[in-house]
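*Asks:* Once you've had a glance at the structure underneath, I'll fire off some questions.
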Amino acid sequence: MKSYLAVFLVILTYGTFGYASTKCIETKGSSCNEKLKYSDRIGERYRTFTILRDGKTVRVLRGDVGKGGTFERIDHPILSPDGNIVLLSQIESGEVETSNGSKTYHEVAYCELVDLRNGCIIARETGEFCGGTFSQDGRWENSLYPEFSLTTETPRAKYYADGTQIFADSPAASFDNLLFCDPPDTKNKNDYHIIIEKHNFKLDSAQRELLK
């Protein structure tokens with residue numbers, strides 16, 4: 001699988017100048033139709049990560065130093081064999097208070113498995129999970145969850161409706177992420193009705209139309 005480094009651009013974001021770098025990746029059966037763009041640079045990391053496909057934005061992911069973490073730019077993206085899933089790295093950092101009252105700088109490294117076709121965050125974990133590798137048949141092999149399955153872990157409306165999956169304070173377990181992973185349509189509209197009644201989530205006019 002080939003990867004190409006595209007040109008660096010200077011952009012204006014959040015009222016300050018930052019650097020954006022775009023990496024073009026060649027997936028199976030395609031010629032560089034997907035791009036990963038890191039932008040709004042802070043130090044050696046980036047606040048914004050954008051997935052582009054055929055010139056269109058699939059999804060924009062954002063994080064900050066103390067909330068969610070900033071993205072580490074990976075020169076050679078770790079991709080599933082079919083090129084559909086990418087591993088991202090985010091570092092959350094800040095000062096924490098110790099037992100004796102002093103403060104110390106602390107970092108937590110997170111990783112995310114993201115579907116490049118729709119921007120769905122399949123999983124967000126830390127520790128040993130992030131040291132896994134893709135097997136030849138596309139599974140994410142890791143020592144923390146040996147039975148981990150990309151298919152069953154992908155957020156679905158029916159899983160949230162029946163309680164198999166639970167919304168939480170994590171990008172992967174948010175209602176916003178569910179809308180990317182399993183958009184409202186005629187097949188899952190009953191599940192979305194249950195979810196909305198339970199949690200009072202809001203949809204835009206186009207999404208509400210699909211659920212009628």
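FYI, nothing fancy with the structure tokens labels: chains A, B, ... in order, residues from 1 per chain, ligands from 1 as they appear.
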Excluding same-chain residues fewer than 3 positions from Asp162 of chain A, what lies within 12 Å of it counting only C-alpha atoms, as a ChimeraX atom specification?

*Replies:* /A:156-159,165-166,190-195,198

*Asks:* Would you mind listing what lies within 10 Å of Gly131 of chain A as a PyMOL selection string, with only C-alpha atoms counted and same-chain residues fewer than 3 positions away left out?

*Replies:* chain A and resi 111+126-128+140-144

*Asks:* Do a neighbour search on Glu92 of chain A at 10 Å with only C-alpha atoms, toss out local chain neighbours closer than 3 positions, and write the hits as a list in words.

*Replies:*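 Neighbouring residues, sequence-local ones excluded: Gly63, Asp64, Val65, Gly66, Lys67, Gly68, Gly69, Thr70, Phe71, His106, Glu107, Val108, Ala109 and Tyr110 of chain A.
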
*Asks:* Please compute the atom CA of Leu61 of chain A-atom CA of Gly119 of chain A distance, one decimal, in Å.

*Replies:*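 Calculated distance between atom CA of Leu61 of chain A and atom CA of Gly119 of chain A is 8.7 Å.
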
*Asks:* To test your reading of the structure, identify every residue in segment 30-176 of chain A that backbone DSSP assigns to strand (DSSP E or B), and report it as a VMD selection string.

*Replies:* chain A and resid 34 to 42 45 to 53 56 to 62 64 67 to 68 70 to 72 78 to 79 85 to 97 103 to 115 121 to 126 133 to 134 140 to 141

*Asks:* One decimal, Å: what's the distance from atom CA of Arg117 of chain A over to atom CA of Ser39 of chain A, could you say?

*Replies:* 20.2 Å

*Asks:* Quote the spacing between atom CA of Ile78 of chain A and atom CA of Glu34 of chain A in Å to one decimal place.

*Replies:*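 Computed distance, atom CA of Ile78 of chain A to atom CA of Glu34 of chain A, equals 13.9 Å.
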
*Asks:* Can you list, as a list of chain:residue names, every protein, DNA or RNA residue that comes within 9 Å of segment 168-184 of chain A when you count only C-alpha atoms, leaving out same-chain residues fewer than 6 positions away?

*Replies:*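 Residues near the query, excluding close chain neighbours: A:Arg59, A:Gly68, A:Glu112, A:Asp115, A:Asn118, A:Gly119, A:Cys120, A:Ile121, A:Ile122, A:Ala123, A:Arg124, A:Thr154, A:Pro155, A:Arg156, A:Ala157, A:Tyr192, A:Phe201, A:Gln207, A:Arg208, A:Leu210, A:Leu211.
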
*Asks:* Go ahead and save the residues from that selection, with C-alpha atoms, as an mmCIF file, in the first residue's frame.

*Replies:*
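Full text of result-v5.cif as output:
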```cif
data_model
loop_
_atom_site.group_PDB
_atom_site.id
_atom_site.type_symbol
_atom_site.label_atom_id
_atom_site.label_comp_id
_atom_site.auth_asym_id
_atom_site.auth_seq_id
_atom_site.Cartn_x
_atom_site.Cartn_y
_atom_site.Cartn_z
ATOM 1 C CA ARG A 59 -15.657 14.371 8.791
ATOM 2 C CA GLY A 68 -9.859 15.122 24.107
ATOM 3 C CA GLU A 112 -8.927 5.838 17.838
ATOM 4 C CA ASP A 115 -13.646 4.339 9.392
ATOM 5 C CA ASN A 118 -17.920 7.675 6.833
ATOM 6 C CA GLY A 119 -15.786 9.152 9.642
ATOM 7 C CA CYS A 120 -17.184 6.781 12.268
ATOM 8 C CA ILE A 121 -15.059 6.432 15.412
ATOM 9 C CA ILE A 122 -15.307 2.698 16.052
ATOM 10 C CA ALA A 123 -13.262 2.700 19.244
ATOM 11 C CA ARG A 124 -11.282 5.064 21.471
ATOM 12 C CA THR A 154 -19.126 -0.192 15.558
ATOM 13 C CA PRO A 155 -21.820 2.070 17.079
ATOM 14 C CA ARG A 156 -25.320 1.188 15.853
ATOM 15 C CA ALA A 157 -28.670 2.769 16.650
ATOM 16 C CA TYR A 192 -33.761 6.414 16.742
ATOM 17 C CA PHE A 201 -31.329 14.426 21.501
ATOM 18 C CA GLN A 207 -32.713 13.806 9.675
ATOM 19 C CA ARG A 208 -36.155 14.350 11.201
ATOM 20 C CA LEU A 210 -36.081 10.494 7.416
ATOM 21 C CA LEU A 211 -37.631 9.372 10.690
#
```

*Asks:* Calculated over only C-alpha atoms, which of the candidates A:Gly83, A:Leu88, A:Glu147, A:Leu203 has the smallest distance to Lys37 of chain A?

*Replies:*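 Nearest candidate to Lys37 of chain A out of A:Gly83, A:Leu88, A:Glu147, A:Leu203: A:Leu88.
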
*Asks:* Neighbours of Leu116 of chain A within 7 Å (only C-alpha atoms; same-chain residues fewer than 2 positions away dropped), as a PyMOL selection string?

*Replies:* chain A and resi 51+84-86+114+118-119

*Asks:* Take the residues from that selection and put them in a file with C-alpha atoms, as a CSV table (one decimal), in the first residue's frame.

*Replies:*
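Full text of again_5.csv as output:
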```csv
chain,number,residue,atom,x,y,z
A,51,ILE,CA,-10.9,13.1,6.4
A,84,ASN,CA,-10.9,1.4,5.2
A,85,ILE,CA,-9.9,1.8,8.9
A,86,VAL,CA,-7.1,4.1,10.2
A,114,VAL,CA,-11.8,5.5,12.5
A,118,ASN,CA,-17.9,7.7,6.8
A,119,GLY,CA,-15.8,9.2,9.6
```
